[in-house]
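Everything below belongs to run02.txt, which stores compact mmCIF, C-alpha atoms and all ligand atoms.
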```
# COMPACT_ATOMS: atom_id res chain seq x y z
CA MET A 1 -38.60 -20.88 99.59
CA ILE A 2 -40.38 -18.69 97.12
CA GLU A 3 -42.58 -21.55 95.83
CA LYS A 4 -43.79 -22.39 99.32
CA ASP A 5 -44.14 -19.06 101.13
CA GLY A 6 -43.51 -16.44 98.45
CA VAL A 7 -40.34 -15.23 100.15
CA ALA A 8 -37.35 -14.94 97.85
CA PRO A 9 -34.16 -16.32 99.43
CA LEU A 10 -31.22 -13.93 99.62
CA GLU A 11 -29.26 -15.66 96.86
CA MET A 12 -32.20 -15.03 94.51
CA VAL A 13 -32.49 -11.42 95.66
CA MET A 14 -28.78 -10.79 95.15
CA LYS A 15 -29.07 -11.67 91.48
CA GLU A 16 -31.29 -8.63 91.00
CA PHE A 17 -28.63 -6.27 92.36
CA PRO A 18 -25.67 -4.96 90.32
CA ASP A 19 -22.67 -7.31 90.47
CA ASP A 20 -20.53 -4.38 91.59
CA LYS A 21 -21.97 -2.96 94.81
CA GLU A 22 -20.28 0.39 94.07
CA VAL A 23 -22.78 0.92 91.23
CA LEU A 24 -25.20 1.73 94.06
CA ILE A 25 -23.33 4.94 94.84
CA ASN A 26 -25.91 6.23 92.39
CA PRO A 27 -29.56 5.34 92.98
CA LYS A 28 -30.70 2.28 91.06
CA ALA A 29 -33.99 0.45 90.73
CA ILE A 30 -33.97 -3.11 92.04
CA ILE A 31 -36.69 -5.23 90.46
CA GLU A 32 -37.91 -8.20 92.49
CA CYS A 33 -40.37 -9.64 90.01
CA TYR A 34 -39.61 -13.34 90.14
CA LYS A 35 -42.49 -14.87 88.21
CA GLU A 36 -43.44 -14.77 84.57
CA ILE A 37 -46.65 -12.75 84.54
CA PRO A 38 -48.43 -10.72 81.83
CA CYS A 39 -47.38 -7.28 83.04
CA ASN A 40 -45.18 -4.43 81.82
CA PRO A 41 -45.96 -0.98 83.35
CA CYS A 42 -42.38 -0.91 84.62
CA GLU A 43 -41.17 -0.99 81.03
CA THR A 44 -43.68 1.47 79.61
CA SER A 45 -43.35 3.99 82.45
CA CYS A 46 -39.55 4.29 82.50
CA PRO A 47 -38.61 7.54 80.73
CA PHE A 48 -35.02 6.35 80.28
CA ASP A 49 -35.69 3.05 78.50
CA ALA A 50 -33.91 1.22 81.31
CA ILE A 51 -36.39 -1.65 81.74
CA HIS A 52 -37.19 -4.19 79.09
CA VAL A 53 -39.87 -6.87 79.15
CA GLY A 54 -39.93 -7.27 75.39
CA GLU A 55 -42.41 -8.76 72.98
CA ASP A 56 -43.46 -11.58 75.26
CA ILE A 57 -45.35 -9.72 77.95
CA ASN A 58 -44.97 -12.73 80.25
CA ALA A 59 -41.19 -12.37 80.29
CA ARG A 60 -39.51 -11.12 83.43
CA PRO A 61 -38.34 -7.49 83.27
CA LYS A 62 -34.64 -6.82 82.83
CA ILE A 63 -32.96 -3.62 83.94
CA ASP A 64 -30.04 -1.77 82.41
CA PHE A 65 -28.30 -0.19 85.40
CA ASP A 66 -26.30 2.08 83.09
CA LYS A 67 -29.51 3.74 81.95
CA CYS A 68 -31.35 3.79 85.29
CA THR A 69 -31.23 7.18 87.02
CA GLY A 70 -33.05 6.02 90.14
CA CYS A 71 -35.91 8.44 89.46
CA GLY A 72 -38.43 6.06 91.02
CA ILE A 73 -41.16 6.43 88.39
CA CYS A 74 -41.28 2.66 87.86
CA VAL A 75 -41.75 2.20 91.61
CA TYR A 76 -45.01 4.17 91.52
CA ASN A 77 -46.18 2.33 88.44
CA CYS A 78 -45.50 -1.28 89.39
CA PRO A 79 -48.83 -2.81 90.47
CA GLY A 80 -46.99 -5.58 92.29
CA LEU A 81 -44.94 -3.22 94.50
CA ALA A 82 -41.99 -5.22 93.24
CA ILE A 83 -39.53 -2.38 92.69
CA SER A 84 -37.49 -0.29 95.08
CA VAL A 85 -34.66 2.17 94.52
CA ARG A 86 -31.49 1.75 96.58
CA GLN A 87 -28.45 3.94 97.04
CA LEU A 88 -25.32 3.82 99.20
CA GLN A 89 -24.30 7.03 100.94
CA GLY A 90 -21.22 6.51 103.11
CA ASP A 91 -22.13 4.20 105.96
CA LYS A 92 -25.82 4.73 105.21
CA ALA A 93 -28.16 3.52 102.52
CA ILE A 94 -31.30 5.12 101.16
CA LEU A 95 -34.23 2.93 100.30
CA LYS A 96 -37.00 4.38 98.18
CA ILE A 97 -39.96 2.10 98.65
CA PRO A 98 -43.58 2.14 97.52
CA TYR A 99 -45.98 2.87 100.37
CA GLU A 100 -49.77 2.86 100.16
CA PHE A 101 -50.99 3.24 103.73
CA VAL A 102 -52.38 6.40 105.32
CA PRO A 103 -51.53 8.36 107.27
CA ARG A 104 -48.07 8.57 105.77
CA PRO A 105 -45.14 8.44 108.19
CA GLU A 106 -43.83 11.96 108.79
CA LYS A 107 -40.49 13.18 107.54
CA GLY A 108 -37.96 12.75 110.34
CA SER A 109 -39.85 9.94 112.05
CA LEU A 110 -38.16 6.70 113.04
CA VAL A 111 -39.63 3.51 111.64
CA ASN A 112 -39.00 -0.21 111.98
CA VAL A 113 -37.53 -1.69 108.82
CA VAL A 114 -38.35 -5.29 107.98
CA ASN A 115 -36.87 -8.04 105.84
CA ARG A 116 -38.72 -10.21 103.33
CA ASN A 117 -39.94 -12.47 106.14
CA GLY A 118 -41.52 -9.49 107.87
CA ASP A 119 -38.99 -9.53 110.71
CA VAL A 120 -37.82 -6.19 112.07
CA ILE A 121 -34.10 -5.95 111.27
CA THR A 122 -33.22 -2.34 111.98
CA GLU A 123 -34.49 1.17 112.53
CA GLY A 124 -34.77 3.67 109.71
CA SER A 125 -35.30 7.38 109.47
CA VAL A 126 -37.83 8.81 107.03
CA LYS A 127 -36.04 11.39 104.91
CA ARG A 128 -38.77 12.24 102.46
CA VAL A 129 -42.35 11.35 101.59
CA GLN A 130 -42.61 11.80 97.85
CA GLU A 131 -46.10 11.84 96.39
CA GLY A 132 -46.50 10.93 92.72
CA LYS A 133 -48.11 13.28 90.23
CA ASN A 134 -50.44 10.61 88.87
CA GLN A 135 -50.46 7.90 91.53
CA LYS A 136 -52.47 9.35 94.38
CA GLN A 137 -52.53 6.11 96.37
CA THR A 138 -48.82 5.27 96.22
CA CYS A 139 -46.03 7.40 97.60
CA LEU A 140 -42.31 6.90 97.50
CA LEU A 141 -40.93 6.70 101.01
CA HIS A 142 -37.24 7.58 101.32
CA VAL A 143 -35.88 5.72 104.35
CA GLU A 144 -32.31 5.97 105.59
CA ILE A 145 -30.81 2.83 107.11
CA HIS A 146 -27.33 1.51 107.86
CA ARG A 147 -25.65 0.28 104.67
CA ASP A 148 -25.32 -3.22 106.13
CA PHE A 149 -29.04 -3.73 105.52
CA ILE A 150 -29.16 -2.65 101.88
CA TYR A 151 -29.87 -6.21 100.66
CA ASP A 152 -32.13 -7.45 103.46
CA ALA A 153 -34.40 -4.45 103.96
CA ILE A 154 -37.60 -4.48 101.94
CA THR A 155 -40.15 -2.20 103.59
CA ILE A 156 -41.22 -0.68 106.89
CA GLU A 157 -43.54 -1.91 109.60
CA VAL A 158 -46.76 0.05 109.40
CA PRO A 159 -46.61 2.47 112.34
CA ARG A 160 -49.22 1.94 115.06
CA GLY A 161 -52.33 3.99 114.51
CA SER A 162 -52.09 3.75 110.71
S1 LIG A 201 -35.88 4.27 88.60
FE1 LIG A 201 -36.41 5.60 86.85
S2 LIG A 201 -34.75 5.30 85.40
FE2 LIG A 201 -34.62 3.63 86.85
S3 LIG A 201 -35.75 1.96 85.89
FE3 LIG A 201 -37.18 3.07 87.24
S4 LIG A 201 -38.19 4.58 85.93
FE4 LIG A 201 -36.36 3.87 84.84
S1 LIG A 202 -44.68 -3.66 86.58
FE1 LIG A 202 -43.95 -4.70 88.45
S2 LIG A 202 -45.11 -6.62 88.55
FE2 LIG A 202 -45.30 -5.82 86.43
S3 LIG A 202 -43.63 -6.83 85.29
FE3 LIG A 202 -42.85 -4.85 86.03
S4 LIG A 202 -41.85 -5.32 87.99
FE4 LIG A 202 -43.19 -7.08 87.49
```
Once you've parsed the file, please lay out its structure as structure tokens.
Ligand code: SF4
Ligand code: SF4
Amino acid sequence: MIEKDGVAPLEMVMKEFPDDKEVLINPKAIIECYKEIPCNPCETSCPFDAIHVGEDINARPKIDFDKCTGCGICVYNCPGLAISVRQLQGDKAILKIPYEFVPRPEKGSLVNVVNRNGDVITEGSVKRVQEGKNQKQTCLLHVEIHRDFIYDAITIEVPRGS
């Protein structure tokens, strides 16, 4: 229960995904910002006008999947780490997640992928570590997982030694 432990149940999460799963053949930002808070860097940072908060800065952001290119700029800019980019590629899925720990996992390394409860659900392979031009503390980690986990996966377990 999100009110009790801050963990969004899957039915709530699913509402933030496109109704048609095939839309995710192209990379799309998934925004998991469930509370009304005074915040809008997601809206102001998107170069494609795909996210709207609107005049009431407390309103929850809404995404236009037709406009979203999956560039990931909003992921770097969200202070709440509430946005990821997801894409289906055959029997795999690519997650682009914000990551702020150092050292960064290396490209090619295997990592444990966790769900919103923090439970390890599968193994992922780091495909790319993308540093932002302006956000020196946050990188975009591209992690390949099996497509079955595209809804449940949220981030990776911090590798030992980090
Ligand atoms: S991924 Fe890029 S295009 Fe999509 S909402 Fe974020 S900033 Fe806009
Ligand atoms: S920047 Fe992040 S935390 Fe702020 S409104 Fe957008 S999604 Fe929510």
Nearby residues, ligand LIG 202 (chain A), 7 Å, only C-alpha atoms and all ligand atoms, as a JSON list (two decimals) with C-alpha atoms, keeping the file's coordinate frame:
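And here is the file that came out, out08.json:
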```json
[["chain", "number", "residue", "atom", "x", "y", "z"],
["A", 31, "ILE", "CA", -36.69, -5.23, 90.46],
["A", 32, "GLU", "CA", -37.91, -8.20, 92.49],
["A", 33, "CYS", "CA", -40.37, -9.64, 90.01],
["A", 37, "ILE", "CA", -46.65, -12.75, 84.54],
["A", 39, "CYS", "CA", -47.38, -7.28, 83.04],
["A", 40, "ASN", "CA", -45.18, -4.43, 81.82],
["A", 41, "PRO", "CA", -45.96, -0.98, 83.35],
["A", 42, "CYS", "CA", -42.38, -0.91, 84.62],
["A", 43, "GLU", "CA", -41.17, -0.99, 81.03],
["A", 60, "ARG", "CA", -39.51, -11.12, 83.43],
["A", 61, "PRO", "CA", -38.34, -7.49, 83.27],
["A", 77, "ASN", "CA", -46.18, 2.33, 88.44],
["A", 78, "CYS", "CA", -45.50, -1.28, 89.39],
["A", 79, "PRO", "CA", -48.83, -2.81, 90.47],
["A", 80, "GLY", "CA", -46.99, -5.58, 92.29],
["A", 81, "LEU", "CA", -44.94, -3.22, 94.50],
["A", 82, "ALA", "CA", -41.99, -5.22, 93.24],
["A", 83, "ILE", "CA", -39.53, -2.38, 92.69]]
```
query = Near Gly118 (chain A), counting only C-alpha atoms, which residues have an atom at most 10 Å away, once you skip same-chain residues fewer than 3 positions from it, shown as a list in words?
reply = Val7, Val113, Val114, Asn115, Ile121, Ala153, Ile154, Thr155, Ile156 and Glu157 of chain A
request  = Could you report the residues within 8 Å of ligand LIG 201 (chain A), using all atoms listed in the file, as a ChimeraX atom specification?
outcome  = /A:27-29,42-43,45-51,63-65,67-75,85
inquiry  = Could you tell me how far CA of Ala93 (chain A) sits from CA of Ile150 (chain A), in Å to one decimal place?
reply    = 6.3 Å
task = Record the distance separating CA of Tyr34 (chain A) and CA of Asn117 (chain A), expressed in Å with one decimal.
result =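 That distance, rounded to one decimal, is 16.0 Å.
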Of the listed residues A:Arg147, A:Asn58, A:Pro98, A:Gly108, that which approaches Thr122 (chain A) most closely, counting only C-alpha atoms =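 The shortest atom-to-atom distance to Thr122 (chain A) comes from A:Arg147.
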key: Nearest to Lys15 (chain A), chosen from A:Lys62, A:His52, A:Thr44, A:Gln89, with all atoms listed in the file counted in the distances   = A:Lys62
inquiry  = Restricting the calculation to only C-alpha atoms: of A:Arg86, A:His146, A:Lys35, A:Arg104, which residue gets closest to Pro159 (chain A)?
reply    =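 Using only C-alpha atoms, Pro159 (chain A) sits closest to A:Arg104.
The space between CA of Leu140 (chain A) and CA of Arg128 (chain A) spans 8.1 Å.
Distances from A:Asp152, A:Val143, A:Glu106, A:Glu36 to Leu10 (chain A) were compared using all atoms listed in the file, and the smallest one belongs to A:Asp152.
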Neighbours of Val13 (chain A) within 8 Å (all atoms listed in the file; same-chain residues fewer than 4 positions away dropped), as a PDB file with C-alpha atoms, in the coordinates of the input?
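So the final result, stored in selection.pdb, reads:
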```pdb
ATOM      1  CA  ALA A   8     -37.350 -14.940  97.850  1.00  0.00           C
ATOM      2  CA  PRO A   9     -34.160 -16.320  99.430  1.00  0.00           C
ATOM      3  CA  PHE A  17     -28.630  -6.270  92.360  1.00  0.00           C
ATOM      4  CA  GLU A  32     -37.910  -8.200  92.490  1.00  0.00           C
ATOM      5  CA  TYR A 151     -29.870  -6.210 100.660  1.00  0.00           C
TER       6      TYR A 151
END
```
task = Rank A:Glu144, A:Lys96, A:Leu88, A:Cys139 by their smallest atom-to-atom distance to Asn112 (chain A), using all atoms listed in the file, and report the top residue only.
result =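 Between A:Glu144, A:Lys96, A:Leu88, A:Cys139, the residue approaching Asn112 (chain A) most closely is A:Glu144.
For the choices A:Asn134, A:Val129, A:Val158, A:Pro38, the atom-to-atom distance to Leu95 (chain A) is smallest for A:Val129 when using all atoms listed in the file.
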Because some atoms of region 67-78 of chain A are absent here, can you restore all heavy atoms and send them as a JSON list (two decimals), in the frame of the given file?
```
[["chain", "number", "residue", "atom", "x", "y", "z"],
["A", 67, "LYS", "N", -28.50, 2.76, 82.36],
["A", 67, "LYS", "CA", -29.51, 3.74, 81.95],
["A", 67, "LYS", "C", -30.35, 4.23, 83.12],
["A", 67, "LYS", "O", -30.94, 5.31, 83.07],
["A", 67, "LYS", "CB", -30.43, 3.13, 80.89],
["A", 67, "LYS", "CG", -29.78, 2.94, 79.54],
["A", 67, "LYS", "CD", -30.82, 2.43, 78.55],
["A", 67, "LYS", "CE", -30.24, 2.31, 77.14],
["A", 67, "LYS", "NZ", -31.23, 1.71, 76.23],
["A", 68, "CYS", "N", -30.47, 3.43, 84.16],
["A", 68, "CYS", "CA", -31.35, 3.79, 85.29],
["A", 68, "CYS", "C", -30.78, 4.98, 86.06],
["A", 68, "CYS", "O", -29.63, 4.97, 86.47],
["A", 68, "CYS", "CB", -31.51, 2.59, 86.22],
["A", 68, "CYS", "SG", -32.48, 2.99, 87.70],
["A", 69, "THR", "N", -31.63, 5.98, 86.27],
["A", 69, "THR", "CA", -31.23, 7.18, 87.02],
["A", 69, "THR", "C", -31.71, 7.13, 88.47],
["A", 69, "THR", "O", -31.41, 8.04, 89.25],
["A", 69, "THR", "CB", -31.83, 8.44, 86.38],
["A", 69, "THR", "OG1", -33.26, 8.38, 86.54],
["A", 69, "THR", "CG2", -31.47, 8.55, 84.92],
["A", 70, "GLY", "N", -32.51, 6.10, 88.78],
["A", 70, "GLY", "CA", -33.05, 6.02, 90.14],
["A", 70, "GLY", "C", -34.20, 6.98, 90.39],
["A", 70, "GLY", "O", -34.53, 7.30, 91.53],
["A", 71, "CYS", "N", -34.85, 7.43, 89.31],
["A", 71, "CYS", "CA", -35.91, 8.44, 89.46],
["A", 71, "CYS", "C", -37.11, 7.94, 90.25],
["A", 71, "CYS", "O", -37.83, 8.71, 90.86],
["A", 71, "CYS", "CB", -36.36, 8.92, 88.08],
["A", 71, "CYS", "SG", -37.25, 7.67, 87.12],
["A", 72, "GLY", "N", -37.35, 6.64, 90.22],
["A", 72, "GLY", "CA", -38.43, 6.06, 91.02],
["A", 72, "GLY", "C", -39.78, 5.99, 90.32],
["A", 72, "GLY", "O", -40.75, 5.50, 90.89],
["A", 73, "ILE", "N", -39.87, 6.44, 89.09],
["A", 73, "ILE", "CA", -41.16, 6.43, 88.39],
["A", 73, "ILE", "C", -41.70, 5.00, 88.25],
["A", 73, "ILE", "O", -42.89, 4.75, 88.42],
["A", 73, "ILE", "CB", -41.02, 7.12, 87.01],
["A", 73, "ILE", "CG1", -40.83, 8.62, 87.25],
["A", 73, "ILE", "CG2", -42.23, 6.86, 86.12],
["A", 73, "ILE", "CD1", -40.49, 9.42, 86.00],
["A", 74, "CYS", "N", -40.82, 4.05, 87.98],
["A", 74, "CYS", "CA", -41.28, 2.66, 87.86],
["A", 74, "CYS", "C", -41.81, 2.13, 89.20],
["A", 74, "CYS", "O", -42.68, 1.27, 89.23],
["A", 74, "CYS", "CB", -40.16, 1.77, 87.34],
["A", 74, "CYS", "SG", -38.68, 1.79, 88.37],
["A", 75, "VAL", "N", -41.29, 2.66, 90.29],
["A", 75, "VAL", "CA", -41.75, 2.20, 91.61],
["A", 75, "VAL", "C", -43.22, 2.54, 91.80],
["A", 75, "VAL", "O", -44.02, 1.72, 92.24],
["A", 75, "VAL", "CB", -40.90, 2.84, 92.74],
["A", 75, "VAL", "CG1", -41.39, 2.40, 94.11],
["A", 75, "VAL", "CG2", -39.43, 2.51, 92.56],
["A", 76, "TYR", "N", -43.60, 3.77, 91.43],
["A", 76, "TYR", "CA", -45.01, 4.17, 91.52],
["A", 76, "TYR", "C", -45.89, 3.31, 90.61],
["A", 76, "TYR", "O", -47.05, 3.06, 90.91],
["A", 76, "TYR", "CB", -45.20, 5.61, 91.03],
["A", 76, "TYR", "CG", -44.65, 6.70, 91.89],
["A", 76, "TYR", "CD1", -43.63, 7.52, 91.43],
["A", 76, "TYR", "CD2", -45.17, 6.96, 93.15],
["A", 76, "TYR", "CE1", -43.14, 8.55, 92.19],
["A", 76, "TYR", "CE2", -44.69, 8.00, 93.92],
["A", 76, "TYR", "CZ", -43.67, 8.79, 93.44],
["A", 76, "TYR", "OH", -43.18, 9.81, 94.20],
["A", 77, "ASN", "N", -45.35, 2.94, 89.48],
["A", 77, "ASN", "CA", -46.18, 2.33, 88.44],
["A", 77, "ASN", "C", -46.26, 0.81, 88.49],
["A", 77, "ASN", "O", -47.07, 0.22, 87.78],
["A", 77, "ASN", "CB", -45.67, 2.76, 87.06],
["A", 77, "ASN", "CG", -46.09, 4.18, 86.74],
["A", 77, "ASN", "OD1", -47.23, 4.42, 86.37],
["A", 77, "ASN", "ND2", -45.19, 5.12, 86.95],
["A", 78, "CYS", "N", -45.45, 0.18, 89.31],
["A", 78, "CYS", "CA", -45.50, -1.28, 89.39],
["A", 78, "CYS", "C", -46.68, -1.71, 90.26],
["A", 78, "CYS", "O", -46.69, -1.42, 91.46],
["A", 78, "CYS", "CB", -44.19, -1.81, 89.99],
["A", 78, "CYS", "SG", -44.30, -3.57, 90.42]]
```
